[in-house]
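S.K.: My structure is below; once you've seen it, I'll send some questions.
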Amino acid sequence: MSAVAVTVAGLLSLSACGGGGGEKSTGGEQAAKKQVEVFSWWTGPGEADGLKAMREIFQKQNPNLTFFDAAVAGGSGDKARALLSSKLQADQPPDTFQGHAGAELQGYIKAGKLEPLNSLYDELKLKDVFPQQLVDQLTYEGNVYSVPVNIHRSNVLWFNPKVLKAAGVSAAPKTVEEFITDLEAVKKTGKIPLSIGSEWTVVHLLESVLLGSLGTDGYNALWAKGADWSNANVTKALDNFKTILSYAGAPQDDWQPAAKQVADGAAAFNIMGDWAYGYFHNPPDGGLGKKSKEDFDWAPSPGTDGTFLWLSDSFTLPKGAPNRDGALAWLKVAASKEGQDAFNPKKGSIPARKDADKSLYQDYLAWSLEEWSKDKLAGSIQHGVVANDAWKTAITEAVGLFLQSKDVAKLQQALVEAAKTNNQ
């Protein structure tokens, strides 16, 4: 708890110092009204480039508004959400903030912290251009509460073709069992079989292993009321998780250095969302400048072919936003075809809109667009689709303890208790 307190205190200090990427205007009340504080966790290569591209459109369309980038560093946004929670509790919301579509937003909605966006959806006819299943995830009791800017795929296996070839592995593994065999083959070469980052990346790994072990229907059933997390199939999936983790290298600080180990040929595999593509592919001033199919390649994470484990970044309108009109101006850019087509190719994601310019989405992104159009869907745990913040926190704590104990029975029991407590 003291470590959490220190972290939050540090974040509050960072925010007060304008450490999120810009400096707050100090030109008095008039300047404050013109400033638009956009809160996100997009600070790394690829994601920051995408935000910058959308910001340029915003500034061109709104010359009388000043964009303030209040981004907080940290993959998956865990640190950002800790700071955001403290700001909302103190009734000091940013003008708009990033949130994952799905269960993650429901805590803010139930606490009365967000304004519905029905009128904006009607004005821009957004229900005609967003997929229905995505609108459903953004809707609570008949009201829609955020604007999605993209679709990400969580279940992507990134690998280095040269490292696999040296290990005698001819193709990406299609099943969990094949994956374990290939990890062992890489281990014998002296390379890192699987790279991982900080604790949240292990939860990210867990969701792919659960999906690959249980199948789409079995995975989706875990999030239904009264779901049975104690059954033998879940036990087997967690045993697979333990075995796969036994091949992991030393944890890196975050997802980027873990992904870089694959791109540089130090590691064979990494299971990470497709934001990694922007990091791998973008030029060196915003990424690694690597060549796909040579320096890196991709496949569905083992056992998940035919299922899109999805998440979506979206922006909200907090109640009491200091610059409500400015926030709405940002939401219009985030919702627009121009904004999404500028943002997503750099971010490594595909657009939420159905009418985007498909010619802009090449290589991995063209593959992802095709998969999104035909795959079954399953929602991400780590990235807010199927589990609310309290449930996800309980899962993260269970995984953290498992990393120390390696006790599958204790992990499963903790997951059973987390479901009983939070899936009401």
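Chain labels run A, B, ... following the order of the structure tokens; each chain numbers its residues from 1, and ligands are numbered from 1 in the order shown.
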Can you list, as a PyMOL selection string, every protein, DNA or RNA residue that comes within 8 Å of Leu105 of chain A when you count only C-alpha atoms, leaving out same-chain residues fewer than 5 positions away?
M.R.: chain A and resi 99-100+384+388
S.K.: Got a sec to tell me which of segment 157-202 of chain A DSSP assigns to alpha helix (DSSP H), as a list in words?
M.R.: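 Of segment 157-202 of chain A, the ones in alpha helix (DSSP H) are Pro161, Lys162, Val163, Leu164, Lys165, Ala166, Val176, Glu177, Glu178, Phe179, Ile180, Thr181, Asp182, Leu183, Glu184, Ala185, Val186, Lys187, Glu199, Trp200, Thr201 and Val202 of chain A.
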S.K.: Return as a tab-separated table the residues of segment 21-124 of chain A lying at most 9 Å from segment 323-344 of chain A, together with the closest atom-to-atom pair for each and the distance in Å to one decimal, counting only C-alpha atoms, with rows in chain order and ascending residue number.
M.R.:
```
residue	atom	partner	partner_atom	distance
A:Ala32	CA	A:Asn323	CA	8.2
A:Lys33	CA	A:Asn323	CA	5.8
A:Lys34	CA	A:Asn323	CA	7.2
A:Gln35	CA	A:Asn323	CA	7.2
A:Val36	CA	A:Gly326	CA	5.6
A:Glu37	CA	A:Ala327	CA	8.0
A:Val38	CA	A:Ala327	CA	8.0
A:Glu47	CA	A:Phe343	CA	8.5
A:Asp49	CA	A:Phe343	CA	7.8
A:Gly50	CA	A:Phe343	CA	4.3
A:Leu51	CA	A:Phe343	CA	6.3
A:Lys52	CA	A:Phe343	CA	8.0
A:Ala53	CA	A:Ala342	CA	5.7
A:Met54	CA	A:Gly339	CA	5.4
A:Arg55	CA	A:Trp330	CA	8.6
A:Ile57	CA	A:Gly339	CA	6.9
A:Phe58	CA	A:Val333	CA	6.2
A:Gln61	CA	A:Val333	CA	8.7
A:Asn62	CA	A:Ala329	CA	7.7
A:Leu65	CA	A:Gly326	CA	7.0
A:Thr66	CA	A:Gly326	CA	8.9
A:Pro94	CA	A:Asn323	CA	8.7
A:Asp95	CA	A:Ala327	CA	5.4
A:Thr96	CA	A:Ala327	CA	5.7
A:Leu120	CA	A:Lys332	CA	8.2
A:Leu124	CA	A:Lys332	CA	8.1
```
S.K.: Would you give me, as a tab-separated table, each residue of segment 198-228 of chain A having an atom within 12 Å of an atom of segment 258-262 of chain A, along with its shortest atom pair and that distance in Å to one decimal, using only C-alpha atoms and sorting by chain and residue number?
M.R.:
```
residue	atom	partner	partner_atom	distance
A:Ser198	CA	A:Ala258	CA	9.0
A:Thr201	CA	A:Ala258	CA	9.5
A:Val202	CA	A:Ala258	CA	11.5
```
S.K.: Write out as a PyMOL selection string which residues come within 12 Å of segment 162-169 of chain A when counting only C-alpha atoms, dropping same-chain ones fewer than 6 positions away.
M.R.: chain A and resi 178-194+261-269+292-297
S.K.: Would you mind exporting C-alpha atoms of the selected residues as a JSON list (two decimals), in the first residue's frame?
M.R.:
```json
[["chain", "number", "residue", "atom", "x", "y", "z"],
["A", 178, "GLU", "CA", 3.24, -26.51, -30.58],
["A", 179, "PHE", "CA", 4.18, -23.23, -28.91],
["A", 180, "ILE", "CA", 5.65, -25.02, -25.90],
["A", 181, "THR", "CA", 7.62, -27.34, -28.20],
["A", 182, "ASP", "CA", 9.01, -24.35, -30.12],
["A", 183, "LEU", "CA", 9.92, -22.51, -26.92],
["A", 184, "GLU", "CA", 12.00, -25.50, -25.89],
["A", 185, "ALA", "CA", 13.70, -25.60, -29.30],
["A", 186, "VAL", "CA", 14.66, -21.92, -29.02],
["A", 187, "LYS", "CA", 15.92, -22.41, -25.47],
["A", 188, "LYS", "CA", 18.45, -24.94, -26.73],
["A", 189, "THR", "CA", 19.98, -22.31, -29.04],
["A", 190, "GLY", "CA", 20.76, -19.97, -26.14],
["A", 191, "LYS", "CA", 18.30, -17.28, -27.28],
["A", 192, "ILE", "CA", 15.47, -15.98, -25.07],
["A", 193, "PRO", "CA", 12.41, -18.07, -26.00],
["A", 194, "LEU", "CA", 9.79, -15.53, -24.81],
["A", 261, "GLN", "CA", 14.36, -8.04, -27.87],
["A", 262, "VAL", "CA", 12.43, -9.82, -30.64],
["A", 263, "ALA", "CA", 13.17, -7.20, -33.29],
["A", 264, "ASP", "CA", 16.89, -7.23, -32.41],
["A", 265, "GLY", "CA", 17.12, -11.03, -32.54],
["A", 266, "ALA", "CA", 17.76, -11.53, -28.83],
["A", 267, "ALA", "CA", 14.41, -13.29, -28.31],
["A", 268, "ALA", "CA", 12.17, -15.47, -30.47],
["A", 269, "PHE", "CA", 8.61, -14.65, -29.36],
["A", 292, "SER", "CA", 8.34, -6.95, -41.62],
["A", 293, "LYS", "CA", 8.79, -10.59, -42.66],
["A", 294, "GLU", "CA", 12.56, -10.11, -42.22],
["A", 295, "ASP", "CA", 13.22, -8.58, -38.81],
["A", 296, "PHE", "CA", 9.80, -9.45, -37.39],
["A", 297, "ASP", "CA", 6.68, -11.35, -38.35]]
```
S.K.: Enumerate, as number ranges by chain, the complete set of residues in segment 249-380 of chain A that a backbone-based DSSP assignment places in strand (DSSP E).
M.R.: A: 267-271, 297-300, 307-311, 313-316, 376-379
S.K.: Using only C-alpha atoms, which residue out of A:Gly278, A:Ser76, A:Glu397, A:Leu211 lies closest to Tyr361 of chain A?
M.R.: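 The answer is A:Gly278, which sits nearest to Tyr361 of chain A.
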S.K.: Check which residues of segment 161-225 of chain A sit at most 9 Å from segment 306-321 of chain A using only C-alpha atoms, and return one row each with the closest pair of atoms and their distance in Å to one decimal, ordered by chain and rising number, as JSON lines.
M.R.:
```
{"residue": "A:Glu207", "atom": "CA", "partner": "A:Leu309", "partner_atom": "CA", "distance": 8.7}
{"residue": "A:Ser208", "atom": "CA", "partner": "A:Leu309", "partner_atom": "CA", "distance": 8.0}
{"residue": "A:Leu211", "atom": "CA", "partner": "A:Leu309", "partner_atom": "CA", "distance": 8.4}
{"residue": "A:Gly215", "atom": "CA", "partner": "A:Thr307", "partner_atom": "CA", "distance": 8.9}
{"residue": "A:Thr216", "atom": "CA", "partner": "A:Thr307", "partner_atom": "CA", "distance": 6.8}
```
S.K.: Would you save the residues from that selection as an mmCIF file, in the first residue's frame, using all heavy atoms?
M.R.:
```cif
data_model
loop_
_atom_site.group_PDB
_atom_site.id
_atom_site.type_symbol
_atom_site.label_atom_id
_atom_site.label_comp_id
_atom_site.auth_asym_id
_atom_site.auth_seq_id
_atom_site.Cartn_x
_atom_site.Cartn_y
_atom_site.Cartn_z
ATOM 1 N N GLU A 207 -4.348 -13.673 -20.944
ATOM 2 C CA GLU A 207 -5.604 -13.696 -21.689
ATOM 3 C C GLU A 207 -5.470 -14.469 -22.999
ATOM 4 O O GLU A 207 -6.405 -15.178 -23.403
ATOM 5 C CB GLU A 207 -6.136 -12.276 -21.921
ATOM 6 C CG GLU A 207 -5.320 -11.384 -22.811
ATOM 7 C CD GLU A 207 -5.847 -9.945 -22.836
ATOM 8 O OE1 GLU A 207 -6.413 -9.488 -21.822
ATOM 9 O OE2 GLU A 207 -5.686 -9.275 -23.876
ATOM 10 N N SER A 208 -4.330 -14.358 -23.654
ATOM 11 C CA SER A 208 -4.121 -15.135 -24.881
ATOM 12 C C SER A 208 -4.009 -16.628 -24.592
ATOM 13 O O SER A 208 -4.512 -17.461 -25.362
ATOM 14 C CB SER A 208 -2.867 -14.654 -25.619
ATOM 15 O OG SER A 208 -3.186 -13.701 -26.616
ATOM 16 N N LEU A 211 -7.515 -17.934 -23.868
ATOM 17 C CA LEU A 211 -8.267 -18.056 -25.112
ATOM 18 C C LEU A 211 -7.764 -19.241 -25.946
ATOM 19 O O LEU A 211 -8.563 -20.031 -26.470
ATOM 20 C CB LEU A 211 -8.163 -16.765 -25.919
ATOM 21 C CG LEU A 211 -8.858 -16.747 -27.294
ATOM 22 C CD1 LEU A 211 -10.353 -16.986 -27.153
ATOM 23 C CD2 LEU A 211 -8.589 -15.412 -28.004
ATOM 24 N N GLY A 215 -10.593 -22.076 -26.040
ATOM 25 C CA GLY A 215 -11.417 -21.816 -27.208
ATOM 26 C C GLY A 215 -12.280 -20.587 -26.984
ATOM 27 O O GLY A 215 -12.442 -20.103 -25.853
ATOM 28 N N THR A 216 -12.861 -20.082 -28.055
ATOM 29 C CA THR A 216 -13.613 -18.824 -27.986
ATOM 30 C C THR A 216 -14.809 -18.925 -27.050
ATOM 31 O O THR A 216 -15.013 -18.058 -26.186
ATOM 32 C CB THR A 216 -14.089 -18.420 -29.386
ATOM 33 O OG1 THR A 216 -12.980 -18.466 -30.290
ATOM 34 C CG2 THR A 216 -14.658 -17.009 -29.372
#
```
S.K.: So that I can check the surroundings of Gln404 of chain A, please list as a PyMOL selection string every protein, DNA and RNA residue that reaches within 12 Å of it, counting only C-alpha atoms and ignoring chain neighbours fewer than 6 positions away.
M.R.: chain A and resi 199+242+245+397-398+410-411
S.K.: Go ahead and write the residues just picked, C-alpha atoms, as a PDB file, in the first residue's frame.
M.R.:
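Saved file selection.pdb follows:
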```pdb
ATOM      1  CA  GLU A 199       3.481  -7.193 -14.684  1.00  0.00           C
ATOM      2  CA  LYS A 242       2.877 -21.708 -15.983  1.00  0.00           C
ATOM      3  CA  LEU A 245       6.125 -18.486 -18.409  1.00  0.00           C
ATOM      4  CA  GLU A 397      -2.878  -9.120  -7.938  1.00  0.00           C
ATOM      5  CA  ALA A 398      -3.424 -12.871  -8.383  1.00  0.00           C
ATOM      6  CA  LYS A 410      -3.552 -20.767  -5.517  1.00  0.00           C
ATOM      7  CA  LEU A 411      -3.800 -18.759  -8.751  1.00  0.00           C
TER       8      LEU A 411
END
```
S.K.: With distances taken over only C-alpha atoms, which residue among A:Gly348, A:Pro300, A:Leu403, A:His383 lies nearest Ala172 of chain A?
M.R.: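 Looking at the shortest contact to Ala172 of chain A, the residue is A:Pro300.
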